[in-house]
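Student: Have a look at this one.
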2 protein chains.
Amino acid sequence: MKANKTKYDVNPDLAKERLKCNFNIEEVTFIIDGGKEKTLQRKKIEDIALNNGDSLDEVPEECLSIKERYENAVRKSCIYSNKVRREMLEITGIENYASPVLRRTADAFFKDISPFMLHLGMFVPALMGQSTPDQLAEWLPKALDMQIIGAYAQTELGHGTFIRGLETTATYDPEKEEFVLHSPTLTSYKWWAGGLGTTANHCVVMAQLYTKGECHGTHLFIVQIRDLDTHMPLNGIKVGEIGPRMGFSSADNGFLGFNQFRIPRENMLMKHAKVEKDGTYVKSARHGKLTYGTMVFVRVTLVSEMSFNISKAATIAVRYSAVRRQSELRPNEPEPQILDYPTQQHKLFICIATAHAFQLTASWLWNTYEVVMADMKKGNVDALPELHALSSCLKAVSTSDALSHIEQCRFACGGHGYMLSSNLPFLYSFVAATRTYEGDYTVLLLQTARFLVKAWEQAEAGKGVTQTVSYLNQSANSKRVNWDNTHEGIIKSFQAIAAGKIAQCVKSIRDRIKSGMDYEDAWLMTTVQLVGAAEAHCRVIILSTFSSEIRGMTKTTSPELKQVLNQVVELYSVYWALETLSDLLQYTTINQEDVDSLRVWYEELLAQLRPNAVGLVDAFDLKDEMLQSTLGSYDGRAYERLMEEALKSPLNAEPVNHTFHKYLKPFLRGKL
Amino acid sequence: MKANKTKYDVNPDLAKERLKCNFNIEEVTFIIDGGKEKTLQRKKIEDIALNNGDSLDEVPEECLSIKERYENAVRKSCIYSNKVRREMLEITGIENYASPVLRRTADAFFKDISPFMLHLGMFVPALMGQSTPDQLAEWLPKALDMQIIGAYAQTELGHGTFIRGLETTATYDPEKEEFVLHSPTLTSYKWWAGGLGTTANHCVVMAQLYTKGECHGTHLFIVQIRDLDTHMPLNGIKVGEIGPRMGFSSADNGFLGFNQFRIPRENMLMKHAKVEKDGTYVKSARHGKLTYGTMVFVRVTLVSEMSFNISKAATIAVRYSAVRRQSELRPNEPEPQILDYPTQQHKLFICIATAHAFQLTASWLWNTYEVVMADMKKGNVDALPELHALSSCLKAVSTSDALSHIEQCRFACGGHGYMLSSNLPFLYSFVAATRTYEGDYTVLLLQTARFLVKAWEQAEAGKGVTQTVSYLNQSANSKRVNWDNTHEGIIKSFQAIAAGKIAQCVKSIRDRIKSGMDYEDAWLMTTVQLVGAAEAHCRVIILSTFSSEIRGMTKTTSPELKQVLNQVVELYSVYWALETLSDLLQYTTINQEDVDSLRVWYEELLAQLRPNAVGLVDAFDLKDEMLQSTLGSYDGRAYERLMEEALKSPLNAEPVNHTFHKYLKPFLRGKL
């Protein structure tokens, strides 16, 4: 934080860039936030978060040991969470406890992560989604006011993706009206839950429910794991930290084992299924589908989270590229800004476009989610499979794309991008985790593929299909779609690619069955292709959503804004057309000349966006305190800040490290 | 290290895999090492390195603070380097101080990196390449015996790629017969040099040489920077650590600034150019080209280094995939090993193949390098441009591929791959640096592209071209090469792709010049295409070298070995054919049916390699102590080791962290 407090004049190159910008930056900010009102609210909330005096950290957190990092994070989490519960929630309203605006302010406090994050991020949503009204009344006020602090423990050391394989058991004892939680093996230990290792005193635990000698599959239980007064683990609980990770260093991800640990019957979260006093199991008709709620909710928010992270990386890399000068184009001329190199623009401008694409897709997905949830309350669960398929592939593709774009931004900053003080490595390791947790990339795309294969079979049989796969009706029959070198043509081609790939998968599966395989093996052997088909479908969704949302939003805006946003949308679609050229060549009539014009179009878009690049990242409106980057600060004083930050390293506190006398000198003199 | 000392029985799934292997593992190991003799020598050296008793580290190094990590690394570096200078160099011979075998043993000591690494890795090679015989006699024995410890400082805070832009000056003062080193600006501070921050007492420094009022460009100087007795920085020297990085946490990468700092005239490294006492500058005729030596040498070794790192990642991920079971293919059957999933095989088997491809290409490149260096000593520098072009693109592509393959391995290990104890994040952050240092990916490919464009023009003019681009002669004229669905056919197609892309670049540049651009702008606008052309050329080199080397080596081996290695080579070429399908579709006559058979071929190869997968990674012969991975140990006891390692975290040393009483409890009770 301190680094960003020093006042410098804006770097002259960056100042010049800002003069070039030909649109009103605020107009773009409003679009990102979802309207002027929301921008104002966000700024109000950020002002509260950022008002911290001078010194949240004396020493940069990345210089500390694992233990110190955790302890420092607890200290800051208490300061931050007090602001949340006392001031910020009053502005958003308590029902918006999971608002991204709220969550993002944490970035001004932690380069890494707060050990409290999953309390509001998973524990509270699980309670809200799975509790009876009585349970809600008991637990929710305590949780929202943070009188208790909780974690969410599902994954086990030996089991992640395949929830049915979880080993932890909850066996009902009707005598005492209690459940007995037990971890029968090493692999059944809960593993990974954020905040569980040393912080949480409560935990929502997923376990196999046994009653009357029968297993009823996995259910959720709320469990107190530590004494509220001493914080000692309760008898029968073995809990601890899982050890250092690539990121999430201060999140105290934990393990948890039970030795015949007893909890009251009322601690089973019984909204969708219950165990009566005598041990009778009663299941709601919709149990199977309703438990998806929390999972889908988290996936939906992750798409918006990815937009936010890409916008950070883009801001850092674009500002630095305006400041950094390198090489010599012509003898005796000054070194050009690296932002002038087309190879650099190629790496960076797609990040700006992707941040917008994901943000607008996330908003759209959020609206879809709310409609489906409202329908579900009325008993209609028909739209759930489509929502599930959508949220699965969008989570997979958005996290995967975000990761590779952030990596490109780091590459684009050369060696300095490798400095932790650039913040790019933190962004990378944070997003790297999102690609795996809450559903691994490959696994999620295969879930979407199941939905797509079913949809294709329905379309084939002449039955109606849902809106997001309606392109199957139009495209399923024609072989190659006619190439049309326009934005709309690209979308149409992407639909043809997705439809063609799904059709090929169906054919592969059928061929394999004909040759004697059973369905399961035929599916398995087709999985590499199925992943490709689901990804293609996802590209259709993002591309068409992005395009239609921007078209809607720019109807009434200034012509300059309309122009630049159209360029952004076009860049996004042309970039992906060129990336998936092998598909275009197989599923459309595109020829060599068309490919060449596509490339020229792309180069023109890079050149058109060049003067507005800094304006576009300024429009993300990321405060220095939240960006926490030596390379990306608003004033562009990258070199000054790199040196300032270096001097904070404890290794520079003394001119000679004591190991010189203890080890190095004797060694150099051959006396060790 | 300690984790690997616990003895477990081999995991039964892994034991079964080893029974399936149908070739002699040692035969493959010999090929990797370059012959049985070399394998035996390697094992002898490794035995010395690994013989360390029980406890090199009490606490895992990744749990320590930045300062403690450095101090711990100095301690271990002294132990390790004593072994090197006293025992290991006797086996290899002192002339092989840079042998990869030697360097790799350091991995048994450091998860991260030794602060001494660049002493042997850059300081000594720079001395050897740039010193006069007198200078060698003075400095080299001290350096090799490690009586002094050095760093190599070239990059500056504001200048990396563009060496001519360096700002540090060395101005000759004939009065005192001294050079005055000076850092005129903040951006002129040396930045990044490994070992420079706190460890080195000497440094090879690159600076702009001024004498008699004239600048003669960059030259190298050897500079003592710290007092040998007290280790205090000398007067006029400002030196320190640059702050935490994504990796290389214990390498004390440093900054260095000079304030009118004087060194004797004799400290300029004068092999290729000298300044006489009176200040007269005398340059060797070959100066410009000869200074490339060290740079090319480092790039050549990096290709082999990449092979080593991929083989580690592959070993970890393949063994873990044999042990991890997940999901349910058929009701009531046990969860399958994840190695049985084609999507997993797709991620992993290419890593095995790539490790071999890079190792054999590196050996071939090393031989080429030695021939060219020997020629240079005789005054013939004709082959240098080709070597430079080769080493540039191979360094770029091998580091870039290694990075993405290692990332795939991490993804393939799911959440556990994100644990630092898996070692995969260390491999990732280590290799991530190699993609940038010693020449960034984009910059290097553009250097190769310059060579290719020239070669194309020569071929066009009917002049002879050198061996590695001889395909330009055959392919430059034909439009689309006939597709041939064989291994040889793929190589031929790759040549056609590279030739076609180079031709297109030349055409683009000429068209742009015709439309009025000057050459520099035309080149600049074509850079995205040029990068693609250079990469395509590099794929030709790797594919054809790998193929011909394996063909040569398996002439006399057992048929089983021949078979499995042929499968590996074919997998490599078919994988890349499918990855570059858009190119095949543009530059060859491949049709949809051919594409389908290519896919089937690929799937068959995955299935053929499946039973030998564990045998193939065992053949890399990576000792547990060097692999340092909870997921990848030879016994496959991933879960036991994960838990064992977790319990070593200082966060688990006490049941309640003191911040509970200080912060958390008051906070939860609303009293903070």
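Residues in the structure tokens are named by chain (A, B, ... in the order shown) and by number from 1 within that chain; ligands are numbered from 1 in the order shown.
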Just the residues within 12 Å of Val568 of chain A, please, counting only C-alpha atoms, with nothing from its chain fewer than 2 positions along; format it as a ChimeraX atom specification.
Tutor: /A:28,349-357,487,543,546-547,550-551,561-566,570-575,602,605-610,612-613,616
Student: Can you write just those residues out, C-alpha atoms, as a short mmCIF file (atom, residue, chain, number, x, y, z; two decimals), in the first residue's frame?
Tutor:
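Written output follows (part36.cif):
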```cif
data_model
loop_
_atom_site.label_atom_id
_atom_site.label_comp_id
_atom_site.auth_asym_id
_atom_site.auth_seq_id
_atom_site.Cartn_x
_atom_site.Cartn_y
_atom_site.Cartn_z
CA VAL A 28 -17.26 3.17 -20.51
CA PHE A 349 -5.70 -5.52 -26.81
CA ILE A 350 -7.44 -8.89 -26.71
CA CYS A 351 -7.24 -8.62 -22.90
CA ILE A 352 -9.15 -5.34 -22.93
CA ALA A 353 -11.79 -6.91 -25.18
CA THR A 354 -12.00 -10.08 -23.10
CA ALA A 355 -12.54 -8.15 -19.86
CA HIS A 356 -15.60 -6.52 -21.45
CA ALA A 357 -16.80 -9.74 -23.05
CA HIS A 487 -18.85 -9.65 -37.65
CA LEU A 543 -19.34 -14.00 -28.87
CA PHE A 546 -21.03 -9.80 -26.06
CA SER A 547 -22.12 -8.58 -29.45
CA ILE A 550 -22.91 -3.98 -26.70
CA ARG A 551 -25.29 -3.33 -29.56
CA LEU A 561 -18.11 5.57 -27.63
CA LYS A 562 -20.14 3.50 -30.06
CA GLN A 563 -17.19 3.44 -32.42
CA VAL A 564 -14.59 2.36 -29.92
CA LEU A 565 -16.81 -0.30 -28.38
CA ASN A 566 -17.64 -1.66 -31.81
CA GLU A 570 -14.90 -6.73 -33.64
CA LEU A 571 -11.38 -7.27 -32.33
CA TYR A 572 -12.72 -9.96 -30.05
CA SER A 573 -14.47 -11.84 -32.83
CA VAL A 574 -11.70 -11.48 -35.43
CA TYR A 575 -9.09 -12.57 -32.87
CA TYR A 602 -7.26 -7.64 -37.49
CA LEU A 605 -8.31 -2.98 -35.62
CA LEU A 606 -5.06 -3.04 -33.64
CA ALA A 607 -4.03 0.23 -35.27
CA GLN A 608 -7.45 1.80 -34.64
CA LEU A 609 -7.42 0.84 -30.97
CA ARG A 610 -3.82 1.91 -30.37
CA ASN A 612 -7.37 4.67 -27.22
CA ALA A 613 -5.56 1.85 -25.41
CA LEU A 616 -9.70 1.97 -22.33
#
```
Student: Find the spatial neighbours of Asp618 of chain B, counting only C-alpha atoms, within a cut-off of 10 Å - ignore same-chain residues fewer than 6 positions away - and output them as a list of chain:residue names.
Tutor: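 My list of contacting residues is B:Arg18, B:Ile25, B:Glu26, B:Val28, B:Thr29, B:Ser311, B:Thr315, B:Val318, B:Arg319, B:Asn612, B:Tyr634.
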Student: Can I get the selected residues back with all heavy atoms, as an mmCIF file, in the first residue's frame?
Tutor:
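Okay, result.cif is ready:
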```cif
data_model
loop_
_atom_site.group_PDB
_atom_site.id
_atom_site.type_symbol
_atom_site.label_atom_id
_atom_site.label_comp_id
_atom_site.auth_asym_id
_atom_site.auth_seq_id
_atom_site.Cartn_x
_atom_site.Cartn_y
_atom_site.Cartn_z
ATOM 1 N N ARG B 18 4.228 -51.031 -13.383
ATOM 2 C CA ARG B 18 5.624 -51.370 -13.704
ATOM 3 C C ARG B 18 5.716 -52.759 -14.311
ATOM 4 O O ARG B 18 6.597 -53.021 -15.138
ATOM 5 C CB ARG B 18 6.500 -51.225 -12.454
ATOM 6 C CG ARG B 18 6.569 -49.764 -12.004
ATOM 7 C CD ARG B 18 7.752 -49.434 -11.124
ATOM 8 N NE ARG B 18 7.870 -47.981 -11.012
ATOM 9 C CZ ARG B 18 7.590 -47.258 -9.917
ATOM 10 N NH1 ARG B 18 7.241 -47.850 -8.794
ATOM 11 N NH2 ARG B 18 7.692 -45.935 -9.945
ATOM 12 N N ILE B 25 13.957 -50.581 -19.354
ATOM 13 C CA ILE B 25 14.007 -49.169 -18.965
ATOM 14 C C ILE B 25 15.410 -48.591 -19.082
ATOM 15 O O ILE B 25 15.608 -47.456 -19.540
ATOM 16 C CB ILE B 25 13.451 -49.016 -17.535
ATOM 17 C CG1 ILE B 25 11.931 -49.181 -17.564
ATOM 18 C CG2 ILE B 25 13.813 -47.664 -16.938
ATOM 19 C CD1 ILE B 25 11.289 -49.159 -16.214
ATOM 20 N N GLU B 26 16.398 -49.373 -18.678
ATOM 21 C CA GLU B 26 17.781 -48.878 -18.706
ATOM 22 C C GLU B 26 18.215 -48.468 -20.114
ATOM 23 O O GLU B 26 18.961 -47.502 -20.272
ATOM 24 C CB GLU B 26 18.722 -49.959 -18.191
ATOM 25 C CG GLU B 26 19.235 -49.645 -16.800
ATOM 26 C CD GLU B 26 20.432 -50.499 -16.428
ATOM 27 O OE1 GLU B 26 20.652 -51.541 -17.107
ATOM 28 O OE2 GLU B 26 21.144 -50.134 -15.486
ATOM 29 N N VAL B 28 16.528 -47.050 -22.351
ATOM 30 C CA VAL B 28 16.071 -45.676 -22.625
ATOM 31 C C VAL B 28 16.913 -44.678 -21.840
ATOM 32 O O VAL B 28 17.303 -43.620 -22.357
ATOM 33 C CB VAL B 28 14.572 -45.506 -22.280
ATOM 34 C CG1 VAL B 28 14.121 -44.068 -22.518
ATOM 35 C CG2 VAL B 28 13.724 -46.464 -23.102
ATOM 36 N N THR B 29 17.212 -45.026 -20.599
ATOM 37 C CA THR B 29 18.040 -44.134 -19.777
ATOM 38 C C THR B 29 19.389 -43.870 -20.458
ATOM 39 O O THR B 29 19.869 -42.733 -20.486
ATOM 40 C CB THR B 29 18.259 -44.751 -18.385
ATOM 41 O OG1 THR B 29 16.993 -45.083 -17.824
ATOM 42 C CG2 THR B 29 18.970 -43.778 -17.456
ATOM 43 N N SER B 311 10.782 -33.409 -18.154
ATOM 44 C CA SER B 311 10.818 -34.812 -17.715
ATOM 45 C C SER B 311 10.440 -34.912 -16.234
ATOM 46 O O SER B 311 9.788 -35.870 -15.824
ATOM 47 C CB SER B 311 12.181 -35.440 -17.984
ATOM 48 O OG SER B 311 13.167 -34.878 -17.155
ATOM 49 N N THR B 315 7.165 -36.968 -14.998
ATOM 50 C CA THR B 315 7.307 -38.027 -14.008
ATOM 51 C C THR B 315 6.301 -37.851 -12.878
ATOM 52 O O THR B 315 5.607 -38.790 -12.472
ATOM 53 C CB THR B 315 8.745 -38.025 -13.431
ATOM 54 O OG1 THR B 315 9.670 -38.170 -14.503
ATOM 55 C CG2 THR B 315 8.936 -39.155 -12.439
ATOM 56 N N VAL B 318 2.558 -38.298 -14.362
ATOM 57 C CA VAL B 318 2.214 -39.662 -14.802
ATOM 58 C C VAL B 318 2.104 -40.592 -13.599
ATOM 59 O O VAL B 318 1.148 -41.379 -13.485
ATOM 60 C CB VAL B 318 3.233 -40.193 -15.834
ATOM 61 C CG1 VAL B 318 3.051 -41.687 -16.067
ATOM 62 C CG2 VAL B 318 3.101 -39.434 -17.155
ATOM 63 N N ARG B 319 3.066 -40.524 -12.677
ATOM 64 C CA ARG B 319 2.975 -41.396 -11.496
ATOM 65 C C ARG B 319 1.714 -41.100 -10.692
ATOM 66 O O ARG B 319 1.000 -41.998 -10.259
ATOM 67 C CB ARG B 319 4.228 -41.244 -10.632
ATOM 68 C CG ARG B 319 5.441 -41.924 -11.234
ATOM 69 C CD ARG B 319 6.650 -41.809 -10.308
ATOM 70 N NE ARG B 319 7.843 -42.398 -10.917
ATOM 71 C CZ ARG B 319 9.088 -42.097 -10.567
ATOM 72 N NH1 ARG B 319 9.315 -41.215 -9.595
ATOM 73 N NH2 ARG B 319 10.119 -42.684 -11.158
ATOM 74 N N ASN B 612 2.991 -48.452 -21.259
ATOM 75 C CA ASN B 612 4.405 -48.147 -21.035
ATOM 76 C C ASN B 612 4.646 -46.777 -20.392
ATOM 77 O O ASN B 612 5.802 -46.383 -20.202
ATOM 78 C CB ASN B 612 5.169 -48.207 -22.360
ATOM 79 C CG ASN B 612 5.470 -49.646 -22.764
ATOM 80 O OD1 ASN B 612 5.737 -50.491 -21.898
ATOM 81 N ND2 ASN B 612 5.414 -49.933 -24.057
ATOM 82 N N TYR B 634 8.855 -42.238 -6.232
ATOM 83 C CA TYR B 634 8.912 -43.550 -6.886
ATOM 84 C C TYR B 634 7.894 -44.523 -6.305
ATOM 85 O O TYR B 634 7.360 -45.367 -7.002
ATOM 86 C CB TYR B 634 10.326 -44.118 -6.769
ATOM 87 C CG TYR B 634 10.527 -45.377 -7.571
ATOM 88 C CD1 TYR B 634 10.806 -45.297 -8.942
ATOM 89 C CD2 TYR B 634 10.409 -46.632 -6.977
ATOM 90 C CE1 TYR B 634 10.963 -46.451 -9.691
ATOM 91 C CE2 TYR B 634 10.565 -47.791 -7.732
ATOM 92 C CZ TYR B 634 10.837 -47.694 -9.085
ATOM 93 O OH TYR B 634 10.986 -48.834 -9.834
#
```
Student: Please determine, counting only C-alpha atoms, which residue among B:Ile148, B:Ala461, B:Ile113, B:Val506 has the shortest atom-to-atom distance to chain A.
Tutor: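 The answer is B:Ile148, which sits nearest to chain A.
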Student: Using only C-alpha atoms, can you tell me which of B:Glu27, B:Val531, B:Met146, B:Phe162 comes closest to Ile338 of chain A?
Tutor: B:Phe162
Student: Pick out the closest residue to Asn11 of chain A from this set: A:Ile48, A:Met419, A:Ala151, A:Ala322. Count only C-alpha atoms.
Tutor: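 When distances to Asn11 of chain A are compared using only C-alpha atoms, the smallest one comes from A:Ala322.
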Student: Excluding Trp483 of chain A and any residue of its chain fewer than 6 positions from it, enumerate the residues within 10 Å of it, using only C-alpha atoms, and give them as a VMD selection string.
Tutor: chain A and resid 489 to 490 492 to 493 584 to 585 587 to 591 594
Student: Neighbouring residues of Pro60 of chain A were defined as those with any atom within 9 Å, considering only C-alpha atoms; residues of the same chain fewer than 3 positions away were excluded. Please report them as a PyMOL selection string.
Tutor: chain A and resi 1+57+63-64+421+645+648-649
Student: As a PyMOL selection string, which residues of segment 131-286 of chain B does DSSP assign to strand (DSSP E or B)?
Tutor: chain B and resi 150-153+156+159+169-173+178-182+190-193+202-211+214-224+226+233+237-241+245+254-258+261-264+268+273-275+281-283
Student: Would you please extract all helix (DSSP H, G or I) residues from segment 196-386 of chain B, as assigned by DSSP on the backbone, and give them as a PyMOL selection string?
Tutor: chain B and resi 265-267+287-290+293-323+338-340+342-377+384-386
Student: When you count only C-alpha atoms, which of these residues is closest to Val595 of chain B: A:Ser81, A:Ser582, A:Asn201, A:Thr630?
Tutor: A:Ser582
Student: Using atom CA of Cys203 of chain A and atom CA of Phe221 of chain A as the two end points, give the distance in Å to one decimal.
Tutor: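 Interatomic distance, atom CA of Cys203 of chain A to atom CA of Phe221 of chain A: 8.1 Å.
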Student: What's the 7 Å shell around Tyr172 of chain A, counting only C-alpha atoms, without same-chain residues fewer than 5 positions away, as a list in words?
Tutor: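 Using only C-alpha atoms, the neighbours found are Glu178, Phe179, Val180, Tyr210, Thr211 and Gly279 of chain A.
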Student: Would you mind listing what lies within 9 Å of segment 364-377 of chain B as a VMD selection string, with only C-alpha atoms counted and same-chain residues fewer than 4 positions away left out?
Tutor: chain B and resid 290 293 296 to 297 300 to 301 303 359 to 360 381 to 384 387 390 to 391 545 549
Student: Would you mind telling me which residue in B:Thr155, B:Thr436, B:Asn235, B:Thr343 lies nearest to Gly254 of chain B when using only C-alpha atoms?
Tutor: B:Thr155
Student: Excluding segment 406-417 of chain A and any residue of its chain fewer than 5 positions from it, enumerate the residues within 9 Å of it, using only C-alpha atoms, and give them as JSON, numbers by chain.
Tutor: {"A": [309, 310, 312, 313, 314, 316, 317, 318, 320, 321, 324, 344, 347, 348, 351, 401, 422, 423, 424, 425, 427, 428, 431, 631, 642], "B": [157, 160, 192, 432, 433, 435, 436, 437, 440, 441]}
Student: With N, CA and C atoms retained, could you export that selection as a compact mmCIF listing (two decimals), in the first residue's frame?
Tutor:
```
# COMPACT_ATOMS: atom_id res chain seq x y z
N ASN A 309 -10.13 -9.71 -13.04
CA ASN A 309 -8.70 -10.03 -13.01
C ASN A 309 -8.01 -9.72 -14.34
N ILE A 310 -8.69 -9.98 -15.44
CA ILE A 310 -8.09 -9.63 -16.73
C ILE A 310 -7.97 -8.11 -16.85
N LYS A 312 -7.42 -6.01 -14.54
CA LYS A 312 -6.23 -5.61 -13.76
C LYS A 312 -4.96 -5.85 -14.57
N ALA A 313 -4.83 -7.06 -15.10
CA ALA A 313 -3.61 -7.40 -15.84
C ALA A 313 -3.45 -6.47 -17.04
N ALA A 314 -4.56 -6.21 -17.73
CA ALA A 314 -4.50 -5.34 -18.91
C ALA A 314 -4.08 -3.93 -18.52
N ILE A 316 -2.25 -2.98 -15.99
CA ILE A 316 -0.82 -2.98 -15.66
C ILE A 316 0.03 -3.02 -16.93
N ALA A 317 -0.30 -3.97 -17.81
CA ALA A 317 0.57 -4.19 -18.98
C ALA A 317 0.45 -3.06 -20.00
N VAL A 318 -0.75 -2.50 -20.18
CA VAL A 318 -0.89 -1.41 -21.15
C VAL A 318 -0.19 -0.15 -20.66
N TYR A 320 2.29 0.07 -18.53
CA TYR A 320 3.74 -0.14 -18.58
C TYR A 320 4.25 -0.08 -20.02
N SER A 321 3.48 -0.60 -20.95
CA SER A 321 3.91 -0.61 -22.36
C SER A 321 3.94 0.80 -22.96
N ARG A 324 7.45 2.03 -21.11
CA ARG A 324 8.68 1.33 -21.48
C ARG A 324 9.05 1.64 -22.92
N GLN A 344 3.13 -6.58 -29.54
CA GLN A 344 2.70 -6.22 -28.19
C GLN A 344 1.19 -5.94 -28.17
N LYS A 347 -0.80 -9.04 -28.05
CA LYS A 347 -0.92 -9.68 -26.73
C LYS A 347 -1.90 -8.93 -25.82
N LEU A 348 -1.98 -7.62 -25.96
CA LEU A 348 -2.67 -6.81 -24.94
C LEU A 348 -4.11 -6.43 -25.27
N CYS A 351 -6.91 -8.58 -24.34
CA CYS A 351 -7.24 -8.62 -22.90
C CYS A 351 -8.28 -7.57 -22.57
N ASP A 401 -9.21 -18.93 -20.23
CA ASP A 401 -8.80 -17.77 -21.04
C ASP A 401 -8.15 -16.71 -20.16
N SER A 422 5.00 -6.31 -9.39
CA SER A 422 4.18 -5.95 -10.55
C SER A 422 2.72 -6.39 -10.34
N ASN A 423 2.54 -7.30 -9.42
CA ASN A 423 1.25 -7.95 -9.10
C ASN A 423 0.85 -9.00 -10.13
N LEU A 424 1.47 -9.07 -11.27
CA LEU A 424 1.04 -10.04 -12.29
C LEU A 424 1.21 -11.49 -11.81
N PRO A 425 2.30 -11.84 -11.12
CA PRO A 425 2.38 -13.22 -10.63
C PRO A 425 1.27 -13.56 -9.62
N LEU A 427 -1.78 -12.30 -9.66
CA LEU A 427 -2.98 -12.50 -10.47
C LEU A 427 -2.95 -13.88 -11.11
N TYR A 428 -1.76 -14.24 -11.61
CA TYR A 428 -1.64 -15.54 -12.26
C TYR A 428 -1.95 -16.68 -11.31
N VAL A 431 -5.68 -16.82 -10.29
CA VAL A 431 -6.58 -17.31 -11.35
C VAL A 431 -6.28 -18.77 -11.69
N LEU A 631 4.23 -1.55 -11.72
CA LEU A 631 4.26 -1.28 -13.16
C LEU A 631 3.01 -0.58 -13.65
N LEU A 642 9.54 0.52 -8.72
CA LEU A 642 10.28 -0.74 -8.60
C LEU A 642 11.42 -0.58 -7.59
N LEU B 157 17.70 -1.39 -15.27
CA LEU B 157 16.29 -1.18 -14.90
C LEU B 157 15.46 -0.76 -16.11
N GLY B 160 16.77 -3.85 -21.50
CA GLY B 160 17.04 -5.28 -21.49
C GLY B 160 17.45 -5.77 -22.86
N TRP B 192 18.54 -7.24 -11.93
CA TRP B 192 18.22 -8.63 -12.22
C TRP B 192 19.36 -9.62 -11.99
N ALA B 432 9.18 -20.32 -16.25
CA ALA B 432 8.59 -19.06 -16.69
C ALA B 432 9.67 -18.00 -16.87
N ALA B 433 10.65 -17.99 -15.99
CA ALA B 433 11.74 -17.00 -16.11
C ALA B 433 12.57 -17.26 -17.35
N ARG B 435 11.73 -18.26 -20.13
CA ARG B 435 11.08 -17.83 -21.36
C ARG B 435 11.42 -16.37 -21.67
N THR B 436 11.77 -15.62 -20.63
CA THR B 436 12.07 -14.19 -20.81
C THR B 436 13.57 -13.91 -20.79
N TYR B 437 14.31 -14.49 -19.82
CA TYR B 437 15.72 -14.09 -19.74
C TYR B 437 16.53 -14.66 -20.88
N ASP B 440 13.89 -12.67 -24.92
CA ASP B 440 12.46 -12.91 -24.86
C ASP B 440 11.97 -13.66 -26.10
N TYR B 441 10.94 -14.45 -25.90
CA TYR B 441 10.34 -15.27 -26.95
C TYR B 441 10.15 -14.52 -28.28
```
Student: Ranking A:Pro336, A:Pro174, A:Gly632, A:Pro125 by minimum distance to Val275 of chain A and counting only C-alpha atoms, which one comes first?
Tutor: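 Looking at the shortest contact to Val275 of chain A, the residue is A:Pro174.
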